[in-house]
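Engineer: This one is data37.cif, mmCIF, C-alpha atoms.
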```
data_input
loop_
_atom_site.label_atom_id
_atom_site.label_comp_id
_atom_site.auth_asym_id
_atom_site.auth_seq_id
_atom_site.Cartn_x
_atom_site.Cartn_y
_atom_site.Cartn_z
CA MET A 111 -14.43 32.62 12.92
CA LYS A 112 -15.52 29.49 11.04
CA LEU A 113 -17.11 28.65 7.73
CA GLY A 114 -20.49 26.97 7.97
CA ASN A 115 -22.33 25.39 5.06
CA ASN A 116 -25.62 23.94 3.88
CA ILE A 117 -24.15 21.33 1.56
CA ARG A 118 -25.81 18.43 3.35
CA LYS A 119 -29.19 20.14 3.15
CA PHE A 120 -28.81 20.87 -0.57
CA ARG A 121 -27.60 17.34 -1.26
CA PHE A 122 -30.75 15.88 0.24
CA GLU A 123 -32.97 18.41 -1.48
CA ASN A 124 -31.36 17.47 -4.81
CA ASN A 125 -32.52 13.86 -5.14
CA GLU A 126 -30.36 12.83 -2.19
CA THR A 127 -27.14 13.34 -4.10
CA SER A 128 -24.40 11.26 -2.50
CA GLN A 129 -21.06 12.72 -1.47
CA GLU A 130 -19.46 10.54 -4.14
CA GLU A 131 -21.69 11.94 -6.88
CA LEU A 132 -21.08 15.52 -5.79
CA ALA A 133 -17.33 14.85 -5.58
CA ALA A 134 -17.27 13.45 -9.11
CA ALA A 135 -19.34 16.39 -10.38
CA VAL A 136 -17.02 19.06 -8.96
CA GLY A 137 -13.75 17.15 -9.47
CA VAL A 138 -12.61 16.39 -5.93
CA THR A 139 -12.52 13.31 -3.66
CA ARG A 140 -15.43 12.16 -1.52
CA GLN A 141 -13.22 12.75 1.51
CA THR A 142 -12.85 16.43 0.56
CA ILE A 143 -16.62 16.89 0.27
CA HIS A 144 -17.00 15.14 3.63
CA ALA A 145 -14.38 17.43 5.21
CA VAL A 146 -15.99 20.59 3.75
CA GLU A 147 -19.43 19.44 4.93
CA LYS A 148 -18.12 18.85 8.45
CA GLY A 149 -16.40 22.26 8.47
CA LYS A 150 -12.96 20.68 8.83
CA PHE A 151 -11.68 22.00 5.53
CA VAL A 152 -12.21 25.45 4.03
CA PRO A 153 -12.66 25.05 0.27
CA SER A 154 -11.07 27.35 -2.31
CA THR A 155 -13.23 30.04 -3.90
CA LEU A 156 -13.27 28.02 -7.10
CA LEU A 157 -14.52 24.86 -5.38
CA ALA A 158 -17.15 26.85 -3.46
CA PHE A 159 -18.43 28.26 -6.76
CA LYS A 160 -18.38 24.83 -8.40
CA ILE A 161 -20.48 23.33 -5.62
CA ALA A 162 -22.88 26.28 -5.68
CA ARG A 163 -23.21 26.00 -9.47
CA HIS A 164 -23.89 22.27 -9.15
CA PHE A 165 -26.88 23.00 -6.89
CA ARG A 166 -27.85 26.08 -8.95
CA VAL A 167 -27.67 28.40 -5.92
CA ASN A 168 -25.56 31.39 -4.89
CA VAL A 169 -22.39 30.80 -2.89
CA GLU A 170 -23.91 32.82 -0.02
CA ASP A 171 -26.80 30.33 0.15
CA LEU A 172 -24.37 27.49 0.49
CA PHE A 173 -21.71 28.98 2.79
CA TYR A 174 -21.92 31.35 5.75
CA VAL A 175 -19.52 32.71 8.35
CA ILE A 176 -19.88 31.63 11.98
CA GLU A 177 -18.46 34.44 14.11
CA ASN A 178 -18.16 33.77 17.87
CA ASN A 179 -20.85 31.11 17.68
CA THR A 180 -23.13 33.50 15.80
CA GLU A 181 -24.07 32.79 12.21
CA VAL A 182 -23.54 35.75 9.87
CA MET B 1008 -27.21 0.18 -22.67
CA GLU B 1009 -23.51 0.53 -23.46
CA GLN B 1010 -22.87 1.30 -19.77
CA ILE B 1011 -24.74 -1.86 -18.68
CA ASN B 1012 -22.77 -3.97 -21.16
CA LYS B 1013 -19.51 -2.52 -19.90
CA GLU B 1014 -20.55 -3.19 -16.30
CA SER B 1015 -21.43 -6.84 -16.94
CA LYS B 1016 -18.20 -7.28 -18.95
CA ASP B 1017 -16.19 -5.82 -16.07
CA LYS B 1018 -17.97 -8.12 -13.61
CA ARG B 1019 -17.28 -11.14 -15.86
CA HIS B 1020 -13.60 -10.21 -16.04
CA LEU B 1021 -13.48 -9.73 -12.29
CA ARG B 1022 -15.12 -13.11 -11.63
CA THR B 1023 -12.63 -14.86 -13.97
CA TRP B 1024 -9.71 -13.11 -12.34
CA THR B 1025 -10.99 -13.94 -8.87
CA LEU B 1026 -11.19 -17.62 -9.81
CA VAL B 1027 -7.64 -17.52 -11.26
CA THR B 1028 -6.42 -15.99 -7.99
CA LEU B 1029 -8.33 -18.63 -6.01
CA VAL B 1030 -6.64 -21.43 -7.96
CA LEU B 1031 -3.20 -19.87 -7.44
CA LEU B 1032 -3.99 -19.30 -3.78
CA THR B 1033 -5.00 -22.95 -3.31
CA LEU B 1034 -1.75 -24.04 -4.97
CA ALA B 1035 0.27 -21.62 -2.86
CA THR B 1036 -1.44 -22.90 0.33
CA LEU B 1037 -0.55 -26.49 -0.54
CA TRP B 1038 3.00 -25.34 -1.23
CA LEU B 1039 3.12 -23.59 2.11
CA PHE B 1040 2.60 -26.91 3.89
CA TYR B 1041 5.11 -28.54 1.58
CA ASP B 1042 7.62 -25.78 2.43
CA LEU B 1043 7.08 -26.45 6.14
CA PHE B 1044 7.76 -30.16 5.58
CA ALA B 1045 10.79 -29.39 3.36
CA TYR B 1046 12.31 -26.93 5.86
CA LEU B 1047 12.02 -29.52 8.63
CA GLU B 1048 13.67 -32.12 6.40
CA ILE B 1049 16.47 -29.75 5.35
CA ARG B 1050 17.04 -28.84 8.97
CA ALA B 1051 17.41 -32.52 9.76
CA LYS B 1052 19.81 -32.79 6.76
CA SER B 1053 17.64 -35.38 5.03
CA PRO B 1054 19.22 -37.11 1.97
CA ALA B 1055 16.40 -35.89 -0.34
CA ILE B 1056 17.44 -32.23 -0.05
CA GLU B 1057 18.29 -31.79 -3.74
CA LYS B 1058 14.79 -32.71 -4.96
CA MET B 1059 13.18 -30.63 -2.22
CA SER B 1060 15.16 -27.54 -3.20
CA ASN B 1061 13.77 -27.73 -6.76
CA LEU B 1062 10.20 -27.92 -5.46
CA ILE B 1063 10.80 -25.02 -3.07
CA GLY B 1064 12.02 -23.05 -6.12
CA THR B 1065 8.80 -23.88 -8.01
CA GLY B 1066 6.87 -22.67 -4.97
CA PHE B 1067 8.59 -19.28 -5.29
CA ILE B 1068 7.29 -18.95 -8.87
CA ILE B 1069 3.73 -19.78 -7.73
CA GLN B 1070 3.98 -17.19 -4.95
CA VAL B 1071 5.16 -14.51 -7.39
CA LEU B 1072 2.27 -15.37 -9.75
CA LEU B 1073 -0.16 -15.24 -6.84
CA LEU B 1074 1.10 -11.82 -5.75
CA PHE B 1075 0.74 -10.44 -9.30
CA SER B 1076 -2.71 -11.98 -9.58
CA PHE B 1077 -3.69 -10.52 -6.20
CA ALA B 1078 -2.49 -7.04 -7.21
CA LEU B 1079 -4.49 -7.18 -10.45
CA LEU B 1080 -7.53 -8.56 -8.64
CA ILE B 1081 -7.53 -5.66 -6.19
CA LEU B 1082 -7.14 -3.09 -8.97
CA LYS B 1083 -9.91 -4.72 -11.03
CA SER B 1084 -12.23 -4.90 -8.03
CA PHE B 1085 -11.74 -1.17 -7.33
CA ARG B 1086 -12.50 -0.36 -10.95
CA THR B 1087 -15.65 -2.49 -10.84
CA GLY B 1088 -16.99 -0.56 -7.86
CA PHE B 1089 -15.74 -2.42 -4.77
CA LYS B 1090 -14.61 -0.21 -1.92
CA ALA B 1091 -11.41 -0.48 0.07
CA GLY B 1092 -12.66 -1.74 3.44
CA THR B 1093 -10.56 -2.79 6.43
CA LEU B 1094 -10.21 -6.37 5.15
CA VAL B 1095 -8.94 -5.27 1.73
CA ILE B 1096 -6.53 -2.73 3.27
CA THR B 1097 -5.24 -5.46 5.62
CA ALA B 1098 -4.82 -7.79 2.63
CA ILE B 1099 -2.88 -5.12 0.71
CA ILE B 1100 -0.57 -4.53 3.68
CA ALA B 1101 -0.09 -8.28 4.25
CA GLY B 1102 0.49 -8.81 0.50
CA THR B 1103 3.14 -6.08 0.40
CA VAL B 1104 4.92 -7.58 3.41
CA THR B 1105 4.72 -11.08 1.86
CA ALA B 1106 6.24 -9.79 -1.41
CA ILE B 1107 9.16 -8.27 0.50
CA LEU B 1108 9.57 -11.37 2.70
CA LEU B 1109 9.87 -13.51 -0.40
CA VAL B 1110 13.23 -11.97 -1.34
CA PHE B 1111 14.53 -12.34 2.23
CA ASP B 1112 13.31 -15.98 2.31
CA PHE B 1113 15.38 -16.61 -0.80
CA ALA B 1114 18.43 -15.02 0.87
CA ALA B 1115 17.90 -17.07 4.06
CA LEU B 1116 17.67 -20.29 2.01
CA GLU B 1117 20.88 -19.33 0.17
CA ASP B 1118 22.62 -18.86 3.54
CA ILE B 1119 21.31 -22.19 4.80
CA GLY B 1120 22.46 -23.88 1.58
CA SER B 1121 26.02 -22.64 1.88
CA ASP B 1122 26.61 -22.09 5.62
CA TYR B 1123 24.44 -24.74 7.27
CA LEU B 1124 24.50 -27.60 4.78
CA VAL B 1125 28.01 -27.20 3.34
CA HIS B 1126 30.02 -25.77 6.26
CA GLY B 1127 27.79 -26.87 9.14
CA TYR B 1128 27.52 -23.38 10.71
CA ASP B 1129 24.69 -22.49 13.03
CA CYS B 1130 21.84 -20.78 11.15
CA THR B 1131 19.33 -20.30 13.97
CA LEU B 1132 18.37 -16.78 12.86
CA GLU B 1133 17.73 -17.92 9.29
CA TRP B 1134 15.50 -20.76 10.51
CA ILE B 1135 13.55 -18.41 12.77
CA TRP B 1136 13.14 -16.10 9.81
CA LEU B 1137 11.91 -18.87 7.48
CA PHE B 1138 9.40 -20.32 9.94
CA GLY B 1139 8.21 -16.83 10.89
CA SER B 1140 7.78 -16.03 7.22
CA LEU B 1141 5.72 -19.21 6.73
CA LEU B 1142 3.46 -18.16 9.57
CA PHE B 1143 3.01 -14.70 8.09
CA ARG B 1144 2.24 -16.20 4.67
CA LEU B 1145 -0.43 -18.38 6.28
CA VAL B 1146 -2.04 -15.29 7.82
CA PHE B 1147 -1.93 -13.51 4.44
CA TYR B 1148 -3.50 -16.49 2.68
CA ILE B 1149 -6.32 -16.69 5.24
CA ILE B 1150 -7.06 -12.98 4.72
CA LEU B 1151 -6.87 -13.44 0.95
CA TYR B 1152 -9.38 -16.33 1.04
CA GLN B 1153 -11.79 -14.01 2.85
CA VAL B 1154 -11.23 -11.22 0.31
CA ILE B 1155 -11.82 -13.63 -2.59
CA PHE B 1156 -15.04 -15.03 -1.13
CA ARG B 1157 -16.26 -11.53 -0.33
CA ILE B 1158 -15.62 -10.45 -3.93
CA LEU B 1159 -17.32 -13.56 -5.35
CA ARG B 1160 -20.31 -13.00 -3.08
CA GLY B 1161 -20.55 -9.29 -3.81
CA ILE B 1162 -20.02 -9.21 -7.59
CA ARG B 1163 -23.73 -9.33 -8.43
CA GLY B 1164 -24.72 -6.62 -5.99
CA VAL B 1165 -22.01 -4.11 -6.75
CA THR B 1166 -22.94 -1.13 -8.91
CA ALA B 1167 -20.49 1.17 -10.63
CA ASN B 1168 -19.99 4.46 -8.82
CA PRO B 1169 -19.76 7.74 -10.70
CA GLN B 1170 -16.30 7.86 -12.24
CA PRO B 1171 -14.18 9.94 -9.83
CA VAL B 1172 -11.92 12.66 -11.21
CA VAL B 1173 -9.35 12.01 -8.48
CA ASP B 1174 -8.47 8.38 -7.77
CA GLU B 1175 -9.13 8.31 -4.03
CA ILE B 1176 -8.60 4.59 -3.47
CA MET B 1177 -5.23 4.62 -5.21
CA PHE B 1178 -4.23 7.58 -3.08
CA GLU B 1179 -5.07 5.69 0.13
CA VAL B 1180 -3.56 2.40 -1.01
CA THR B 1181 -0.33 4.20 -1.98
CA GLN B 1182 -0.08 5.74 1.50
CA TYR B 1183 -0.74 2.40 3.24
CA THR B 1184 1.89 0.74 1.06
CA GLY B 1185 4.30 3.62 1.72
CA MET B 1186 3.85 3.12 5.46
CA VAL B 1187 4.48 -0.62 5.24
CA CYS B 1188 7.53 -0.21 2.97
CA GLY B 1189 8.88 2.60 5.17
CA PHE B 1190 8.46 0.57 8.35
CA ILE B 1191 10.04 -2.61 6.94
CA GLY B 1192 12.86 -0.58 5.39
CA LEU B 1193 13.56 1.23 8.63
CA ALA B 1194 13.56 -2.05 10.56
CA PHE B 1195 15.91 -3.51 7.95
CA THR B 1196 18.40 -0.63 8.13
CA VAL B 1197 18.35 -0.64 11.95
CA TYR B 1198 18.99 -4.39 11.89
CA ALA B 1199 21.81 -3.88 9.34
CA TYR B 1200 23.38 -1.18 11.58
CA VAL B 1201 23.28 -3.49 14.60
CA ALA B 1202 24.36 -6.64 12.74
CA LEU B 1203 27.20 -5.02 10.79
CA GLY B 1204 28.63 -2.95 13.67
CA ASP B 1205 32.10 -1.76 12.68
CA PHE B 1206 32.33 -4.24 9.84
CA THR B 1207 34.09 -2.80 6.79
CA ILE B 1208 31.64 -3.04 3.94
CA ASN B 1209 33.10 -4.33 0.70
CA ASN B 1210 31.75 -3.75 -2.78
CA TRP B 1211 29.41 -6.76 -3.05
CA LEU B 1212 27.91 -6.18 0.40
CA MET B 1213 27.20 -2.56 -0.50
CA TRP B 1214 25.34 -3.67 -3.64
CA LEU B 1215 23.49 -6.31 -1.63
CA LEU B 1216 22.31 -3.69 0.87
CA MET B 1217 21.22 -1.42 -1.97
CA PHE B 1218 19.43 -4.33 -3.65
CA TYR B 1219 17.49 -5.18 -0.49
CA SER B 1220 16.59 -1.53 0.02
CA LEU B 1221 15.35 -1.37 -3.56
CA VAL B 1222 13.25 -4.52 -3.09
CA ILE B 1223 11.66 -3.05 0.03
CA VAL B 1224 10.71 0.23 -1.64
CA LEU B 1225 9.63 -1.47 -4.88
CA PRO B 1226 5.90 -2.07 -4.06
CA TRP B 1227 5.43 1.62 -3.27
CA PHE B 1228 7.42 2.64 -6.33
CA LEU B 1229 5.39 0.34 -8.62
CA LEU B 1230 2.16 1.87 -7.32
CA ILE B 1231 3.46 5.35 -8.12
CA ILE B 1232 4.38 4.19 -11.66
CA TYR B 1233 0.94 2.60 -12.08
CA TRP B 1234 -0.69 5.80 -10.89
CA ILE B 1235 1.28 7.93 -13.37
CA ILE B 1236 0.45 5.53 -16.24
CA ARG B 1237 -3.27 5.68 -15.39
CA LEU B 1238 -3.17 9.46 -15.23
CA SER B 1239 -1.45 9.74 -18.58
CA ARG B 1240 -4.12 7.49 -20.17
CA LYS B 1241 -7.16 9.30 -18.79
CA ALA B 1242 -7.24 13.00 -19.54
CA ARG B 1243 -10.18 13.49 -17.14
CA LEU B 1244 -8.23 12.30 -14.09
CA THR B 1245 -6.14 14.67 -12.01
CA LEU B 1246 -3.44 13.79 -9.55
CA TYR B 1247 -4.70 15.46 -6.35
CA ASP B 1248 -7.53 17.68 -5.29
CA GLU B 1249 -7.08 20.79 -3.13
CA LYS B 1250 -7.49 19.07 0.25
CA GLN B 1251 -5.03 16.36 -0.74
CA LYS B 1252 -2.58 19.07 -1.85
CA GLN B 1253 -2.92 20.78 1.53
CA ASP B 1254 -2.46 17.45 3.35
CA LEU B 1255 0.55 16.66 1.16
CA ALA B 1256 2.14 20.02 1.96
CA SER B 1257 1.75 19.70 5.73
CA SER B 1258 2.83 16.03 5.71
CA GLY B 1259 5.89 17.01 3.67
CA LEU B 1260 6.71 19.63 6.30
CA ILE B 1261 6.26 17.10 9.14
CA ALA B 1262 8.46 14.56 7.31
CA TRP B 1263 11.16 17.16 6.68
CA LEU B 1264 11.14 18.52 10.23
CA SER B 1265 11.23 15.05 11.81
CA SER B 1266 14.05 13.98 9.50
CA ILE B 1267 16.36 16.62 11.05
CA PRO B 1268 16.62 15.04 14.56
CA PHE B 1269 16.73 11.62 12.88
CA MET B 1270 19.69 12.64 10.74
CA ILE B 1271 21.39 14.25 13.78
CA ILE B 1272 21.19 10.86 15.54
CA ILE B 1273 22.74 9.18 12.50
CA LEU B 1274 25.47 11.84 12.40
CA ILE B 1275 26.28 11.38 16.11
CA THR B 1276 26.42 7.55 15.81
CA SER B 1277 28.74 7.80 12.83
CA LEU B 1278 31.17 10.36 14.29
CA GLY B 1279 34.68 8.94 14.46
CA GLN B 1280 33.74 5.81 12.52
CA PRO B 1281 34.63 6.63 8.92
CA SER B 1282 34.46 2.97 7.78
CA SER B 1283 31.20 2.18 9.53
CA PRO B 1284 28.10 0.98 7.61
CA THR B 1285 26.64 4.45 8.16
CA LEU B 1286 28.44 5.51 5.02
CA TYR B 1287 26.17 3.23 2.98
CA LEU B 1288 23.09 3.02 5.17
CA TRP B 1289 22.38 6.68 5.88
CA PHE B 1290 20.53 7.20 2.64
CA PRO B 1291 18.23 4.12 2.84
CA SER B 1292 17.53 5.01 6.51
CA TYR B 1293 16.65 8.57 5.55
CA LEU B 1294 14.49 7.39 2.64
CA PHE B 1295 12.54 4.83 4.70
CA PHE B 1296 12.15 7.13 7.69
CA THR B 1297 10.75 10.00 5.63
CA LEU B 1298 8.55 7.59 3.64
CA LEU B 1299 7.09 6.19 6.86
CA VAL B 1300 6.49 9.60 8.46
CA PHE B 1301 5.20 11.17 5.25
CA SER B 1302 2.79 8.36 4.35
CA GLY B 1303 1.64 7.95 7.96
CA SER B 1304 0.93 11.62 8.60
CA LEU B 1305 -0.68 12.05 5.18
CA LEU B 1306 -3.04 9.17 5.79
CA LEU B 1307 -3.84 10.43 9.27
CA LYS B 1308 -4.60 13.93 8.00
CA TYR B 1309 -6.58 12.67 5.04
CA LYS B 1310 -8.75 10.27 7.04
CA ARG B 1311 -9.15 12.38 10.18
CA ILE B 1312 -12.52 14.03 9.85
#
```
For this file, write the structure as structure tokens.
Structural biologist:
Amino acid sequence: MKLGNNIRKFRFENNETSQEELAAAVGVTRQTIHAVEKGKFVPSTLLAFKIARHFRVNVEDLFYVIENNTEV
Amino acid sequence: MEQINKESKDKRHLRTWTLVTLVLLTLATLWLFYDLFAYLEIRAKSPAIEKMSNLIGTGFIIQVLLLFSFALLILKSFRTGFKAGTLVITAIIAGTVTAILLVFDFAALEDIGSDYLVHGYDCTLEWIWLFGSLLFRLVFYIILYQVIFRILRGIRGVTANPQPVVDEIMFEVTQYTGMVCGFIGLAFTVYAYVALGDFTINNWLMWLLMFYSLVIVLPWFLLIIYWIIRLSRKARLTLYDEKQKQDLASSGLIAWLSSIPFMIIILITSLGQPSSPTLYLWFPSYLFFTLLVFSGSLLLKYKRI
């Protein structure tokens, strides 16, 4: 089971927000945003909500569970 | 408007500081060639040794000023919006090594002054050290010239990034410096083990070993102090974010676990030798080993995406 996300998509839909800008907005490093985007790091609930709030979307729109190669 | 003014002020400061560093670097480069000439003359026991020693001493002051100027230049460039690329990271590593070498150069020259010139003992190792150190300094200066010209060329084009809440560059630089300090320290303690053998360490030698260990760890320690001061000044900054905390925790575990076999080796080598240097060197060895493993694994985890 893995956590997938649409952060990259939302970044580009929101005036092509850079990873740096998003990181500064939610209070983490650019490297953390990069790791979350790549699915290498599972963010805390708080960070997931912060990112979702930044894009004005629900957490479920931003993150999804990948179960046995099937998106849920 | 205020932001633009601040940006141009920062760029002006950075340009001035870059030029100051360039002047110091030019002086230090000239001194490097003088040092080479002076070492060759001292080795040949030339009659003008006294005057040369004074000029070598002045060269030390210029080098210290250059290293301080370089450190400030790097910090200012980061704050103006420059990013830590491979060249800058290499320069930071080379600068840290040069700063540590400086103290050992001084010690080697002291040895040459008393053992080689006064008593006529062989000081081959000290000479190798001094010439090797000159070569390393030359490499550092070449890298620094490139960094300076890159900064001068890029000042106009650089734009301030959004102010980060977590200082990412400082985090990386601290880990690189920790790795360099850990590696040099470990090499130093291994050399001290081998060189001292079963030698009974007296009081002054113990303090000397502690002093050298302190000098080696100092660049890393100063960065930590700088980091804490910056954090205390800016309420918006935080020390680590959640991924960094996770990386710190697992690197701490790796450092702790790997220190156990390392300390077992030290214990085995010291068994039955109560007067051996182990008594004084176990702690610096432990400190440098864990610093190297911790900083190395943290950097690897942090950068591995």
Engineer: With 9 Å as the limit and counting only C-alpha atoms, what residues in chain A lie close to chain B? Please list them as a PyMOL selection string.
Structural biologist: chain A and resi 130-131+133-142+144-145+148+150-154+157
Engineer: Just so the selection is clear, what residues does the PyMOL selection byres ((chain B and resi 1293) around 10) cover here, as a list in words?
Structural biologist: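 This file gives the following for the PyMOL selection byres ((chain B and resi 1293) around 10): Gly1189, Gly1192, Leu1193, Thr1196, Ser1266, Ile1267, Phe1269, Met1270, Ile1273, Leu1288, Trp1289, Phe1290, Pro1291, Ser1292, Leu1294, Phe1295, Phe1296, Thr1297, Leu1298 and Leu1299 of chain B.
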Engineer: Could you list, as a list of chain:residue names, every residue within 12 Å of A:Glu177, counting only C-alpha atoms and ignoring same-chain residues fewer than 6 positions away?
Structural biologist: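 The filter keeps A:Met111, A:Lys112, A:Leu113, A:Gly114.
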Engineer: Under the PyMOL selection byres ((chain B and resi 1062) around 12), which residues of this model are included? Write them out as a list in words.
Structural biologist: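 Selection result, ordered by chain and number: Leu1037, Trp1038, Leu1039, Tyr1041, Asp1042, Phe1044, Ala1045, Tyr1046, Ala1055, Ile1056, Glu1057, Lys1058, Met1059, Ser1060, Asn1061, Ile1063, Gly1064, Thr1065, Gly1066, Phe1067, Ile1068 and Ile1069 of chain B.
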Engineer: Taking the file as I've supplied it (selection: the PyMOL selection byres ((chain B and resi 1082) around 12)), which residues are included? Please answer as JSON, numbers by chain.
Structural biologist: {"B": [1017, 1020, 1021, 1024, 1025, 1075, 1076, 1077, 1078, 1079, 1080, 1081, 1083, 1084, 1085, 1086, 1087, 1088, 1089, 1090, 1091, 1095, 1099, 1174, 1176, 1177, 1180, 1230, 1233, 1234, 1237]}
Engineer: Could the residues in this selection be saved with C-alpha atoms as a tab-separated table (two decimals), in the frame of the given file?
Structural biologist:
```tsv
chain	number	residue	atom	x	y	z
B	1017	ASP	CA	-16.19	-5.82	-16.07
B	1020	HIS	CA	-13.60	-10.21	-16.04
B	1021	LEU	CA	-13.48	-9.73	-12.29
B	1024	TRP	CA	-9.71	-13.11	-12.34
B	1025	THR	CA	-10.99	-13.94	-8.87
B	1075	PHE	CA	0.74	-10.44	-9.30
B	1076	SER	CA	-2.71	-11.98	-9.58
B	1077	PHE	CA	-3.69	-10.52	-6.20
B	1078	ALA	CA	-2.49	-7.04	-7.21
B	1079	LEU	CA	-4.49	-7.18	-10.45
B	1080	LEU	CA	-7.53	-8.56	-8.64
B	1081	ILE	CA	-7.53	-5.66	-6.19
B	1083	LYS	CA	-9.91	-4.72	-11.03
B	1084	SER	CA	-12.23	-4.90	-8.03
B	1085	PHE	CA	-11.74	-1.17	-7.33
B	1086	ARG	CA	-12.50	-0.36	-10.95
B	1087	THR	CA	-15.65	-2.49	-10.84
B	1088	GLY	CA	-16.99	-0.56	-7.86
B	1089	PHE	CA	-15.74	-2.42	-4.77
B	1090	LYS	CA	-14.61	-0.21	-1.92
B	1091	ALA	CA	-11.41	-0.48	0.07
B	1095	VAL	CA	-8.94	-5.27	1.73
B	1099	ILE	CA	-2.88	-5.12	0.71
B	1174	ASP	CA	-8.47	8.38	-7.77
B	1176	ILE	CA	-8.60	4.59	-3.47
B	1177	MET	CA	-5.23	4.62	-5.21
B	1180	VAL	CA	-3.56	2.40	-1.01
B	1230	LEU	CA	2.16	1.87	-7.32
B	1233	TYR	CA	0.94	2.60	-12.08
B	1234	TRP	CA	-0.69	5.80	-10.89
B	1237	ARG	CA	-3.27	5.68	-15.39
```
Engineer: Would you list the residues near (1.1, -8.9, 4.8), meaning any protein, DNA or RNA residue with an atom at most 12 Å from that point in file coordinates, counting all atoms listed in the file, as a ChimeraX atom specification?
Structural biologist: /B:1074,1094-1109,1140-1151,1183-1184,1187-1188,1191
Engineer: Put those residues in a file: C-alpha atoms, as a tab-separated table (two decimals), keeping the file's coordinate frame.
Structural biologist:
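The resulting file, result-v8.tsv, is reproduced below:
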```
chain	number	residue	atom	x	y	z
B	1074	LEU	CA	1.10	-11.82	-5.75
B	1094	LEU	CA	-10.21	-6.37	5.15
B	1095	VAL	CA	-8.94	-5.27	1.73
B	1096	ILE	CA	-6.53	-2.73	3.27
B	1097	THR	CA	-5.24	-5.46	5.62
B	1098	ALA	CA	-4.82	-7.79	2.63
B	1099	ILE	CA	-2.88	-5.12	0.71
B	1100	ILE	CA	-0.57	-4.53	3.68
B	1101	ALA	CA	-0.09	-8.28	4.25
B	1102	GLY	CA	0.49	-8.81	0.50
B	1103	THR	CA	3.14	-6.08	0.40
B	1104	VAL	CA	4.92	-7.58	3.41
B	1105	THR	CA	4.72	-11.08	1.86
B	1106	ALA	CA	6.24	-9.79	-1.41
B	1107	ILE	CA	9.16	-8.27	0.50
B	1108	LEU	CA	9.57	-11.37	2.70
B	1109	LEU	CA	9.87	-13.51	-0.40
B	1140	SER	CA	7.78	-16.03	7.22
B	1141	LEU	CA	5.72	-19.21	6.73
B	1142	LEU	CA	3.46	-18.16	9.57
B	1143	PHE	CA	3.01	-14.70	8.09
B	1144	ARG	CA	2.24	-16.20	4.67
B	1145	LEU	CA	-0.43	-18.38	6.28
B	1146	VAL	CA	-2.04	-15.29	7.82
B	1147	PHE	CA	-1.93	-13.51	4.44
B	1148	TYR	CA	-3.50	-16.49	2.68
B	1149	ILE	CA	-6.32	-16.69	5.24
B	1150	ILE	CA	-7.06	-12.98	4.72
B	1151	LEU	CA	-6.87	-13.44	0.95
B	1183	TYR	CA	-0.74	2.40	3.24
B	1184	THR	CA	1.89	0.74	1.06
B	1187	VAL	CA	4.48	-0.62	5.24
B	1188	CYS	CA	7.53	-0.21	2.97
B	1191	ILE	CA	10.04	-2.61	6.94
```
